[in-house]
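Asker: TSV, C-alpha atoms and all ligand atoms, file upload_9.tsv:
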```
chain	number	residue	atom	x	y	z
A	18	MET	CA	-62.55	-25.76	9.35
A	19	SER	CA	-59.92	-25.67	12.05
A	20	GLY	CA	-56.29	-26.06	10.93
A	21	SER	CA	-53.28	-26.41	13.20
A	22	THR	CA	-54.39	-23.39	15.23
A	23	GLY	CA	-56.76	-24.26	18.07
A	24	PRO	CA	-60.31	-22.90	18.05
A	25	VAL	CA	-61.41	-19.54	19.37
A	26	TRP	CA	-63.72	-20.02	22.35
A	27	VAL	CA	-66.40	-17.81	23.87
A	28	PHE	CA	-68.17	-18.51	27.14
A	29	ALA	CA	-71.88	-17.84	26.56
A	30	GLU	CA	-73.27	-16.63	29.86
A	31	GLN	CA	-76.95	-17.06	30.59
A	32	ASN	CA	-79.16	-15.65	33.29
A	33	GLU	CA	-82.17	-17.85	34.01
A	34	GLY	CA	-81.99	-19.20	30.48
A	35	SER	CA	-81.42	-15.93	28.59
A	36	ILE	CA	-78.02	-15.46	26.98
A	37	LEU	CA	-76.50	-12.10	27.93
A	38	PRO	CA	-75.92	-9.50	25.16
A	39	VAL	CA	-72.18	-9.38	25.95
A	40	SER	CA	-71.87	-13.04	24.93
A	41	PHE	CA	-73.25	-12.26	21.48
A	42	GLU	CA	-70.96	-9.24	21.18
A	43	LEU	CA	-68.00	-11.49	21.97
A	44	ILE	CA	-69.16	-14.10	19.47
A	45	GLY	CA	-69.18	-11.37	16.78
A	46	GLN	CA	-65.60	-10.33	17.50
A	47	ALA	CA	-64.43	-13.90	18.10
A	48	LYS	CA	-65.78	-14.91	14.69
A	49	LYS	CA	-63.62	-12.23	13.03
A	50	LEU	CA	-60.56	-13.45	14.96
A	51	ALA	CA	-61.31	-17.10	14.11
A	52	ASP	CA	-61.68	-16.24	10.42
A	53	GLU	CA	-58.35	-14.39	10.45
A	54	LEU	CA	-56.70	-17.34	12.17
A	55	GLY	CA	-58.36	-19.82	9.81
A	56	THR	CA	-59.90	-21.69	12.70
A	57	SER	CA	-63.36	-22.36	14.12
A	58	LEU	CA	-65.41	-20.40	16.63
A	59	GLU	CA	-66.69	-22.54	19.47
A	60	VAL	CA	-68.99	-21.63	22.33
A	61	VAL	CA	-69.15	-23.13	25.81
A	62	PHE	CA	-72.69	-22.89	27.13
A	63	LEU	CA	-73.76	-24.09	30.59
A	64	GLY	CA	-77.25	-23.94	32.05
A	65	ASP	CA	-80.43	-25.86	32.72
A	66	ALA	CA	-82.94	-26.66	29.96
A	67	VAL	CA	-81.31	-24.19	27.56
A	68	ARG	CA	-81.01	-26.38	24.47
A	69	ASP	CA	-83.53	-24.22	22.61
A	70	GLN	CA	-80.97	-21.37	22.74
A	71	VAL	CA	-78.28	-23.28	20.88
A	72	GLN	CA	-79.61	-22.37	17.43
A	73	VAL	CA	-79.30	-18.68	18.33
A	74	LEU	CA	-75.60	-19.27	19.03
A	75	PHE	CA	-75.13	-20.96	15.64
A	76	ALA	CA	-77.05	-18.11	13.98
A	77	ALA	CA	-74.68	-15.60	15.62
A	78	GLY	CA	-71.58	-17.36	14.28
A	79	ALA	CA	-70.73	-20.39	16.47
A	80	ASP	CA	-69.39	-23.35	14.48
A	81	ARG	CA	-69.63	-25.67	17.47
A	82	VAL	CA	-71.43	-25.41	20.80
A	83	TYR	CA	-70.39	-27.41	23.86
A	84	LEU	CA	-73.57	-27.62	25.88
A	85	GLY	CA	-73.65	-28.64	29.54
A	86	GLU	CA	-77.19	-28.97	30.84
A	87	ASP	CA	-78.12	-29.81	34.41
A	88	PRO	CA	-80.37	-28.27	37.08
A	89	GLY	CA	-77.17	-27.64	39.07
A	90	LEU	CA	-75.88	-25.40	36.28
A	91	LYS	CA	-78.92	-23.11	36.14
A	92	TYR	CA	-77.08	-20.47	38.16
A	93	TYR	CA	-73.37	-19.70	37.95
A	94	GLN	CA	-71.49	-21.79	40.46
A	95	PRO	CA	-67.71	-21.19	40.51
A	96	GLU	CA	-66.53	-24.70	41.29
A	97	MET	CA	-68.74	-26.56	38.83
A	98	TYR	CA	-68.32	-24.08	36.01
A	99	THR	CA	-64.54	-24.01	36.47
A	100	GLU	CA	-64.27	-27.81	36.64
A	101	ILE	CA	-66.28	-28.31	33.44
A	102	ILE	CA	-64.47	-25.62	31.45
A	103	VAL	CA	-60.97	-26.62	32.57
A	104	LYS	CA	-61.60	-30.27	31.65
A	105	LEU	CA	-62.95	-29.25	28.26
A	106	ALA	CA	-60.08	-26.84	27.54
A	107	LYS	CA	-57.51	-29.51	28.41
A	108	GLU	CA	-59.15	-31.79	25.85
A	109	HIS	CA	-59.58	-29.27	23.03
A	110	HIS	CA	-56.74	-26.74	23.44
A	111	PRO	CA	-58.43	-23.45	22.48
A	112	GLU	CA	-56.12	-20.79	21.08
A	113	ILE	CA	-58.18	-17.91	22.53
A	114	PHE	CA	-60.87	-17.90	25.22
A	115	LEU	CA	-63.09	-14.85	25.76
A	116	LEU	CA	-65.54	-14.15	28.57
A	117	GLY	CA	-67.77	-11.20	29.41
A	118	SER	CA	-66.52	-8.85	32.10
A	119	THR	CA	-69.65	-9.57	34.17
A	120	ALA	CA	-69.81	-10.49	37.85
A	121	CYS	CA	-69.63	-14.15	36.77
A	122	GLY	CA	-66.96	-13.66	34.08
A	123	LYS	CA	-64.74	-11.60	36.37
A	124	GLU	CA	-64.59	-14.52	38.79
A	125	LEU	CA	-64.71	-17.45	36.38
A	126	ALA	CA	-61.98	-16.20	34.01
A	127	PRO	CA	-59.19	-16.03	36.63
A	128	LEU	CA	-60.29	-19.35	38.14
A	129	VAL	CA	-59.99	-21.03	34.75
A	130	ALA	CA	-56.79	-19.18	33.78
A	131	ALA	CA	-55.08	-20.21	37.03
A	132	ARG	CA	-56.04	-23.86	36.55
A	133	LEU	CA	-54.83	-23.80	32.93
A	134	GLU	CA	-51.67	-21.95	33.99
A	135	THR	CA	-52.17	-19.27	31.38
A	136	GLY	CA	-52.45	-15.48	31.39
A	137	LEU	CA	-55.58	-13.33	31.52
A	138	THR	CA	-56.17	-9.71	30.57
A	139	ALA	CA	-59.17	-8.19	32.35
A	140	HIS	CA	-61.51	-5.46	31.06
A	141	CYS	CA	-60.20	-5.27	27.48
A	142	ILE	CA	-61.58	-2.52	25.30
A	143	ASP	CA	-60.39	-4.03	22.02
A	144	LEU	CA	-59.08	-7.34	20.69
A	145	THR	CA	-57.11	-7.74	17.47
A	146	LEU	CA	-54.33	-9.94	16.09
A	147	ASP	CA	-50.75	-8.78	15.67
A	148	GLU	CA	-48.55	-9.69	12.69
A	149	GLU	CA	-47.62	-12.96	14.40
A	150	LYS	CA	-51.34	-13.71	14.85
A	151	GLN	CA	-51.11	-13.35	18.61
A	152	LEU	CA	-54.09	-11.85	20.38
A	153	GLU	CA	-53.51	-8.17	21.09
A	154	GLN	CA	-55.49	-7.39	24.23
A	155	ILE	CA	-55.95	-3.66	24.54
A	156	ILE	CA	-56.60	-1.98	27.88
A	157	PRO	CA	-56.39	1.59	29.15
A	158	ALA	CA	-53.37	1.99	31.44
A	159	TYR	CA	-50.61	4.47	32.30
A	160	GLY	CA	-52.64	7.36	30.89
A	161	GLY	CA	-53.05	5.74	27.45
A	162	LEU	CA	-53.88	2.46	25.77
A	163	ILE	CA	-51.55	-0.50	26.08
A	164	SER	CA	-51.55	-3.76	24.20
A	165	ILE	CA	-50.85	-7.03	25.98
A	166	VAL	CA	-49.91	-10.31	24.30
A	167	CYS	CA	-49.49	-13.76	25.78
A	168	PRO	CA	-46.78	-15.32	23.60
A	169	GLU	CA	-46.13	-18.59	25.40
A	170	LYS	CA	-49.24	-19.86	27.13
A	171	ARG	CA	-52.53	-21.02	25.69
A	172	PRO	CA	-55.36	-20.23	25.64
A	173	GLN	CA	-54.92	-16.47	25.42
A	174	MET	CA	-57.66	-15.33	27.80
A	175	ALA	CA	-59.46	-12.00	28.08
A	176	THR	CA	-62.57	-10.51	29.61
A	177	VAL	CA	-64.47	-7.73	27.82
A	178	ALA	CA	-67.25	-5.47	29.11
A	179	LYS	CA	-70.69	-5.22	27.59
A	180	GLY	CA	-71.00	-2.67	24.80
A	181	VAL	CA	-67.39	-2.77	23.57
A	182	PHE	CA	-68.21	-4.72	20.40
A	183	PRO	CA	-71.39	-4.54	18.32
A	184	LYS	CA	-73.84	-7.44	18.23
A	185	PRO	CA	-73.15	-9.61	15.18
A	186	ASP	CA	-75.60	-10.00	12.30
A	187	THR	CA	-77.36	-13.32	12.51
A	188	THR	CA	-78.05	-15.97	9.85
A	189	GLU	CA	-81.25	-17.64	11.00
A	190	HIS	CA	-80.79	-21.20	9.72
A	191	ARG	CA	-77.00	-21.35	9.96
A	192	GLU	CA	-75.90	-24.82	11.03
A	193	GLY	CA	-73.28	-25.88	13.56
A	194	GLU	CA	-72.21	-28.86	15.58
A	195	LEU	CA	-73.76	-29.47	18.99
A	196	VAL	CA	-71.62	-31.39	21.49
A	197	LEU	CA	-73.42	-32.48	24.66
A	198	LEU	CA	-71.23	-32.58	27.74
A	199	GLU	CA	-71.50	-35.27	30.34
A	200	ILE	CA	-72.10	-33.58	33.65
A	201	SER	CA	-71.32	-35.67	36.71
A	202	ASP	CA	-70.35	-35.32	40.39
A	203	LEU	CA	-72.08	-31.95	40.66
A	204	LYS	CA	-73.48	-32.76	44.08
A	205	GLN	CA	-70.03	-32.99	45.66
A	206	GLN	CA	-69.27	-29.28	45.43
A	207	ARG	CA	-68.33	-27.29	48.53
A	208	ILE	CA	-70.44	-24.26	47.62
A	209	GLN	CA	-74.20	-24.76	47.83
A	210	LEU	CA	-76.78	-22.37	46.41
A	211	ILE	CA	-79.20	-21.50	49.19
A	212	LYS	CA	-81.35	-18.73	47.79
A	213	VAL	CA	-81.65	-16.55	44.67
A	214	VAL	CA	-82.58	-12.92	45.34
A	215	HIS	CA	-83.59	-10.74	42.40
A	216	GLU	CA	-82.20	-7.26	42.78
A	217	GLU	CA	-84.56	-4.51	41.72
A	218	GLU	CA	-83.23	-1.91	39.27
A	219	ARG	CA	-82.94	1.45	41.09
A	220	GLY	CA	-83.61	4.58	39.09
A	221	VAL	CA	-83.17	4.93	35.33
A	222	PRO	CA	-81.03	2.09	33.88
A	223	LEU	CA	-77.63	3.39	32.79
A	224	GLU	CA	-77.24	1.34	29.62
A	225	SER	CA	-80.45	2.47	27.94
A	226	ALA	CA	-80.69	6.07	29.23
A	227	ALA	CA	-80.73	8.95	26.73
A	228	THR	CA	-79.18	11.27	29.31
A	229	VAL	CA	-76.59	10.31	31.91
A	230	VAL	CA	-75.33	12.53	34.73
A	231	ALA	CA	-72.09	11.08	36.07
A	232	GLY	CA	-70.56	12.30	39.29
A	233	GLY	CA	-66.96	12.07	40.38
A	234	ALA	CA	-64.69	12.61	43.36
A	235	GLY	CA	-65.30	16.36	42.98
A	236	ALA	CA	-68.56	15.82	44.91
A	237	GLN	CA	-66.31	15.63	48.00
A	238	GLY	CA	-68.91	13.90	50.15
A	239	PRO	CA	-72.53	12.71	50.43
A	240	GLU	CA	-73.84	16.28	50.41
A	241	GLY	CA	-72.18	17.11	47.11
A	242	TRP	CA	-73.21	13.74	45.75
A	243	ALA	CA	-76.86	14.45	46.63
A	244	LYS	CA	-76.65	17.57	44.44
A	245	ILE	CA	-75.36	15.52	41.48
A	246	ALA	CA	-78.10	12.91	42.05
A	247	GLY	CA	-80.59	15.81	42.25
A	248	LEU	CA	-79.55	17.01	38.79
A	249	ALA	CA	-80.02	13.50	37.38
A	250	ASP	CA	-83.49	13.34	38.98
A	251	GLU	CA	-84.51	16.72	37.64
A	252	LEU	CA	-83.45	15.77	34.10
A	253	GLY	CA	-84.98	12.27	34.30
A	254	ALA	CA	-81.45	11.06	33.60
A	255	ALA	CA	-79.62	7.95	34.77
A	256	LEU	CA	-77.10	8.54	37.54
A	257	GLY	CA	-73.59	7.31	36.75
A	258	SER	CA	-70.32	7.49	38.58
A	259	THR	CA	-66.56	7.31	38.40
A	260	ARG	CA	-64.74	4.92	40.71
A	261	PRO	CA	-64.06	7.14	43.78
A	262	PRO	CA	-67.75	7.74	44.68
A	263	VAL	CA	-68.24	3.94	44.60
A	264	ASP	CA	-65.20	3.41	46.79
A	265	GLU	CA	-66.51	6.08	49.18
A	266	GLY	CA	-69.89	4.36	49.38
A	267	TRP	CA	-71.88	7.32	48.01
A	268	VAL	CA	-73.30	5.17	45.22
A	269	GLU	CA	-73.61	1.48	44.28
A	270	LEU	CA	-71.04	-0.33	42.15
A	271	ASP	CA	-73.54	-0.97	39.35
A	272	ARG	CA	-73.51	2.79	38.60
A	273	MET	CA	-69.79	2.88	37.73
A	274	ILE	CA	-68.96	3.81	34.14
A	275	GLY	CA	-65.69	2.86	32.46
A	276	GLN	CA	-63.13	0.16	31.90
A	277	SER	CA	-64.20	-1.89	34.91
A	278	GLY	CA	-67.76	-0.56	34.96
A	279	LYS	CA	-70.35	-0.07	32.26
A	280	MET	CA	-69.97	1.11	28.67
A	281	ILE	CA	-72.70	3.60	27.75
A	282	ALA	CA	-73.72	5.52	24.65
A	283	PRO	CA	-76.28	8.18	25.70
A	284	GLU	CA	-77.40	11.16	23.61
A	285	LEU	CA	-76.14	13.45	26.40
A	286	TYR	CA	-73.44	12.82	29.03
A	287	ILE	CA	-72.87	15.34	31.81
A	288	GLY	CA	-69.78	14.71	33.93
A	289	VAL	CA	-69.75	16.64	37.20
A	290	GLY	CA	-66.59	16.76	39.30
A	291	VAL	CA	-64.98	14.21	36.98
A	292	SER	CA	-61.32	14.69	35.97
A	293	GLY	CA	-61.42	12.77	32.66
A	294	GLU	CA	-59.14	9.79	33.37
A	295	LEU	CA	-59.02	7.32	30.50
A	296	GLN	CA	-60.41	4.44	32.58
A	297	HIS	CA	-63.65	6.42	32.95
A	298	MET	CA	-63.69	8.06	29.51
A	299	VAL	CA	-63.49	4.75	27.58
A	300	GLY	CA	-66.91	4.00	29.03
A	301	ILE	CA	-68.51	7.03	27.38
A	302	ALA	CA	-66.78	6.87	24.00
A	303	GLY	CA	-70.18	6.33	22.35
A	304	ALA	CA	-71.87	9.41	23.90
A	305	LYS	CA	-73.18	11.91	21.32
A	306	LEU	CA	-72.89	15.19	23.24
A	307	MET	CA	-70.57	15.54	26.22
A	308	VAL	CA	-70.66	18.26	28.87
A	309	ALA	CA	-68.32	18.66	31.85
A	310	VAL	CA	-68.61	20.72	35.02
A	311	ASN	CA	-65.31	21.09	36.86
A	312	SER	CA	-63.84	23.79	39.10
A	313	GLU	CA	-60.33	23.28	37.70
A	314	PRO	CA	-59.88	25.00	34.29
A	315	LYS	CA	-56.98	22.69	33.44
A	316	ALA	CA	-58.92	19.47	34.16
A	317	PRO	CA	-58.19	16.97	31.33
A	318	ILE	CA	-61.89	16.34	30.79
A	319	PHE	CA	-62.23	19.77	29.17
A	320	GLU	CA	-60.09	18.58	26.25
A	321	GLN	CA	-62.43	15.65	25.67
A	322	VAL	CA	-65.93	17.14	25.85
A	323	ASP	CA	-68.07	19.33	23.60
A	324	VAL	CA	-69.11	21.81	26.29
A	325	GLY	CA	-67.05	22.72	29.36
A	326	ILE	CA	-68.30	24.67	32.39
A	327	VAL	CA	-65.68	25.88	34.86
A	328	ASP	CA	-67.42	26.21	38.22
A	329	ASP	CA	-67.70	24.79	41.71
A	330	LEU	CA	-70.42	22.14	41.55
A	331	GLN	CA	-71.60	23.01	45.08
A	332	GLU	CA	-72.60	26.45	43.85
A	333	PHE	CA	-73.39	25.71	40.22
A	334	LEU	CA	-75.73	22.73	40.61
A	335	PRO	CA	-78.37	24.37	42.89
A	336	VAL	CA	-78.60	27.25	40.40
A	337	LEU	CA	-78.84	24.89	37.41
A	338	ILE	CA	-81.49	22.72	39.10
A	339	LYS	CA	-83.52	25.84	39.96
A	340	LYS	CA	-83.33	27.01	36.32
A	341	ILE	CA	-84.42	23.61	35.02
A	342	LYS	CA	-87.40	23.64	37.42
A	343	GLU	CA	-88.38	27.14	36.26
A	344	TYR	CA	-88.08	26.10	32.61
A	345	LYS	CA	-90.26	23.05	33.22
A	346	THR	CA	-92.95	25.20	34.83
A	347	GLU	CA	-92.81	27.66	31.91
A	348	VAL	CA	-93.29	25.01	29.24
A	349	ALA	CA	-95.84	22.95	31.23
B	1	LIG	C1	-57.35	-0.98	36.33
B	1	LIG	C2	-58.16	0.26	36.63
B	1	LIG	C3	-59.48	0.28	36.26
B	1	LIG	C4	-60.24	1.43	36.51
B	1	LIG	N1	-61.54	1.44	36.10
B	1	LIG	C5	-62.27	2.55	36.26
B	1	LIG	C6	-63.61	2.63	35.77
B	1	LIG	O1	-64.17	1.69	35.21
B	1	LIG	N2	-64.28	3.79	35.95
B	1	LIG	C7	-63.71	4.88	36.58
B	1	LIG	O2	-64.37	5.91	36.69
B	1	LIG	N3	-62.48	4.82	37.06
B	1	LIG	C8	-61.74	3.69	36.93
B	1	LIG	N4	-60.46	3.67	37.42
B	1	LIG	C9	-59.98	4.82	38.21
B	1	LIG	C10	-59.50	5.95	37.31
B	1	LIG	O3	-58.15	5.73	36.96
B	1	LIG	C11	-59.61	7.31	38.01
B	1	LIG	O4	-58.95	7.23	39.24
B	1	LIG	C12	-61.04	7.77	38.24
B	1	LIG	O5	-61.80	7.69	37.06
B	1	LIG	C13	-61.03	9.22	38.73
B	1	LIG	O6	-62.31	9.58	39.14
B	1	LIG	P1	-62.73	11.10	39.29
B	1	LIG	O7	-62.58	11.78	37.98
B	1	LIG	O8	-64.05	11.09	39.93
B	1	LIG	O9	-61.71	11.62	40.38
B	1	LIG	P2	-60.48	12.62	40.30
B	1	LIG	O10	-59.52	12.20	39.28
B	1	LIG	O11	-59.99	12.79	41.70
B	1	LIG	O12	-61.12	13.98	39.79
B	1	LIG	C14	-62.00	14.78	40.55
B	1	LIG	C15	-62.24	16.05	39.76
B	1	LIG	O13	-63.19	16.81	40.46
B	1	LIG	C16	-62.82	18.18	40.30
B	1	LIG	N5	-63.41	18.93	41.44
B	1	LIG	C17	-62.98	18.96	42.73
B	1	LIG	N6	-63.79	19.70	43.47
B	1	LIG	C18	-64.75	20.18	42.63
B	1	LIG	C19	-65.85	21.03	42.81
B	1	LIG	N7	-66.17	21.53	44.02
B	1	LIG	N8	-66.62	21.32	41.73
B	1	LIG	C20	-66.33	20.82	40.51
B	1	LIG	N9	-65.27	20.01	40.29
B	1	LIG	C21	-64.49	19.68	41.34
B	1	LIG	C22	-61.31	18.18	40.30
B	1	LIG	O14	-60.81	19.34	39.63
B	1	LIG	C23	-61.00	16.90	39.56
B	1	LIG	O15	-60.81	17.14	38.17
B	1	LIG	C24	-59.67	2.54	37.18
B	1	LIG	C25	-58.33	2.48	37.56
B	1	LIG	C26	-57.58	1.37	37.28
B	1	LIG	C27	-56.14	1.36	37.70
```
Show me the file's structure as structure tokens.
Ligand SMILES: Cc1cc2nc3c(=O)[nH]c(=O)nc-3n(C[C@H](O)[C@H](O)[C@H](O)COP(=O)(O)OP(=O)(O)OC[C@H]3O[C@@H](n4cnc5c(N)ncnc54)[C@H](O)[C@@H]3O)c2cc1C
Answerer:
Amino acid sequence: MSGSTGPVWVFAEQNEGSILPVSFELIGQAKKLADELGTSLEVVFLGDAVRDQVQVLFAAGADRVYLGEDPGLKYYQPEMYTEIIVKLAKEHHPEIFLLGSTACGKELAPLVAARLETGLTAHCIDLTLDEEKQLEQIIPAYGGLISIVCPEKRPQMATVAKGVFPKPDTTEHREGELVLLEISDLKQQRIQLIKVVHEEERGVPLESAATVVAGGAGAQGPEGWAKIAGLADELGAALGSTRPPVDEGWVELDRMIGQSGKMIAPELYIGVGVSGELQHMVGIAGAKLMVAVNSEPKAPIFEQVDVGIVDDLQEFLPVLIKKIKEYKTEVA
């Protein structure tokens, strides 16, 4: 299948044996790129006792799966994962290598790129090929979208957030080639896993919520933020955020929406004290109805939403929350 062009690679990330949705989304897009390049789509898959998942990767579009299985690979470990992938890439010369923009992918991708002395574009929101069949890696920057290519070095590497590409259709009995990797010297790593702590999901999960209330820097402090969180609570909505509230410590990083946060597609998005910068707005491109509350009539978000409310959130939110409470009592 593969001609003179090297294969397109995807790193399939697993968490305790389950492959993450973003890996399938990347396989779907990678398959399109591989077809256009006339080459094969290959998946690198590391874990422990995960061989039963390989067929799912073939069904999603992988022509070949490199499988590394070992108890030491059950959890992501930067040194081991980097070592294995770099060795493999030096042997097989992938043309393109895609990873999810997850906590693991965000660390692993630069580690691998540095060792392979190639470039890396982080947090892409689209991937296509230009007329010279180079990978066009599209990211929001400088108030618009820019396209980055890596003309000289290979592989062309990119990370992509969950939800950017759709999950591919699967062909249940599709066949592919399984290549088992020899895993050795894992015990000599400097980083040792001591304990795994499962973090509990707080509040309504952002990705699956029908309604999301996202707060921005306009909250101006914990008190304002509590009002935004109060609106989310009252509506049974998930609480989201732009970057500044995360930087300020008003909310956890896993609530950030956008280019370097989460991509969401709720029925209703309400942005409160959010200016409408592209890096945030790309994360809500799939929202059905968008509402913004902002005290500045010229805020760019008003050009991007369906309903705009010009008001100071400190005054507007207590009134809105009171009205919602009254409505709930009326209809109860
Ligand atoms: C590489 C890169 C990646 C990034 N990734 C992300 C990302 O994933 N997600 C993200 O969100 N950002 C991201 N950013 C940051 C992004 O560029 C913006 O800085 C950020 O989205 C702005 O957040 P904001 O709208 O909350 O703040 P601001 O732009 O400061 O806007 C605050 C708004 O609040 C309004 N306001 C002020 N007071 C009140 C009030 N009392 N009542 C009502 N409204 C009020 C103001 O009029 C203003 O419009 C990224 C930046 C870079 C460079």
Asker: Any residue with an atom at most 7 Å from ligand LIG 1 (chain B) counts, using only C-alpha atoms and all ligand atoms. Which are they? Put them as a CSV table (one decimal) with C-alpha atoms, in the coordinates of the input.
Answerer:
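File part-v3.csv, as written:
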```
chain,number,residue,atom,x,y,z
A,158,ALA,CA,-53.4,2.0,31.4
A,232,GLY,CA,-70.6,12.3,39.3
A,233,GLY,CA,-67.0,12.1,40.4
A,234,ALA,CA,-64.7,12.6,43.4
A,235,GLY,CA,-65.3,16.4,43.0
A,236,ALA,CA,-68.6,15.8,44.9
A,237,GLN,CA,-66.3,15.6,48.0
A,258,SER,CA,-70.3,7.5,38.6
A,259,THR,CA,-66.6,7.3,38.4
A,260,ARG,CA,-64.7,4.9,40.7
A,261,PRO,CA,-64.1,7.1,43.8
A,262,PRO,CA,-67.8,7.7,44.7
A,273,MET,CA,-69.8,2.9,37.7
A,274,ILE,CA,-69.0,3.8,34.1
A,275,GLY,CA,-65.7,2.9,32.5
A,276,GLN,CA,-63.1,0.2,31.9
A,277,SER,CA,-64.2,-1.9,34.9
A,278,GLY,CA,-67.8,-0.6,35.0
A,289,VAL,CA,-69.8,16.6,37.2
A,290,GLY,CA,-66.6,16.8,39.3
A,291,VAL,CA,-65.0,14.2,37.0
A,292,SER,CA,-61.3,14.7,36.0
A,293,GLY,CA,-61.4,12.8,32.7
A,294,GLU,CA,-59.1,9.8,33.4
A,295,LEU,CA,-59.0,7.3,30.5
A,296,GLN,CA,-60.4,4.4,32.6
A,297,HIS,CA,-63.6,6.4,33.0
A,310,VAL,CA,-68.6,20.7,35.0
A,311,ASN,CA,-65.3,21.1,36.9
A,312,SER,CA,-63.8,23.8,39.1
A,313,GLU,CA,-60.3,23.3,37.7
A,316,ALA,CA,-58.9,19.5,34.2
A,328,ASP,CA,-67.4,26.2,38.2
A,329,ASP,CA,-67.7,24.8,41.7
A,330,LEU,CA,-70.4,22.1,41.6
A,331,GLN,CA,-71.6,23.0,45.1
```
Asker: Nearest residue to Tyr93 (chain A) out of A:Gln209, A:Glu42, A:Val324, A:Ser21, using all atoms listed in the file?
Answerer: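 So, comparing all the options, the nearest one is A:Gln209.
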Asker: I'd like the interatomic distance between CA of Val103 (chain A) and CA of Ile155 (chain A), to a tenth of an Å.
Answerer: 24.8 Å
Asker: When you count only C-alpha atoms, which of these residues is closest to Arg191 (chain A): A:Ser57, A:Gln72, A:Thr176, A:Gln46?
Answerer: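 Closest to Arg191 (chain A), using only C-alpha atoms: A:Gln72.
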Asker: For the atom pair CA of Leu105 (chain A) and CA of Arg207 (chain A), what is the interatomic distance in Å to one decimal place?
Answerer: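 Taking CA of Leu105 (chain A) as the start and CA of Arg207 (chain A) as the end point, the length is 21.1 Å.
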Asker: Under the rule that only C-alpha atoms are counted, which of A:Val299, A:Lys91, A:Gly85, A:Ala29 is the nearest residue to Val213 (chain A)?
Answerer: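 So, comparing all the options, the nearest one is A:Lys91.
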Asker: Using all atoms listed in the file, determine which residues lie at most 10 Å from Ile341 (chain A), disregarding the query and same-chain residues fewer than 6 positions distant; provide the list as a list in words.
Answerer: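 Near Ile341 (chain A), the qualifying residues are Leu248, Glu251, Leu252, Pro335 and Glu347 of chain A.
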Asker: I'd like to know which of A:Pro317, A:Gly180, A:Pro239, A:Gly253 is closest to Gly117 (chain A), using all atoms listed in the file.
Answerer: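 Between A:Pro317, A:Gly180, A:Pro239, A:Gly253, the residue approaching Gly117 (chain A) most closely is A:Gly180.
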Asker: Show which residues sit within 10 Å of Leu115 (chain A), as a PyMOL selection string. Count only C-alpha atoms, and ignore same-chain residues fewer than 3 positions away.
Answerer: chain A and resi 25-29+40+43-44+46-47+60+118+122+126+137-138+144+172-177
Asker: Give me, please, the distance in Å between CA of Val61 (chain A) and CA of Met280 (chain A), quoted to one decimal.
Answerer: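 Computed distance, CA of Val61 (chain A) to CA of Met280 (chain A), equals 24.4 Å.
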Asker: Which neighbours of Glu134 (chain A) fall inside 10 Å, counting only C-alpha atoms, when residues of the same chain fewer than 5 positions from it are skipped, and could you give them as a PDB file with C-alpha atoms, keeping the file's coordinate frame?
Answerer:
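Wrote it out as result17.pdb, contents follow:
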```
ATOM      1  CA  PRO A 127     -59.190 -16.030  36.630  1.00  0.00           C
ATOM      2  CA  LEU A 128     -60.290 -19.350  38.140  1.00  0.00           C
ATOM      3  CA  VAL A 129     -59.990 -21.030  34.750  1.00  0.00           C
ATOM      4  CA  LYS A 170     -49.240 -19.860  27.130  1.00  0.00           C
ATOM      5  CA  ARG A 171     -52.530 -21.020  25.690  1.00  0.00           C
ATOM      6  CA  PRO A 172     -55.360 -20.230  25.640  1.00  0.00           C
TER       7      PRO A 172
END
```
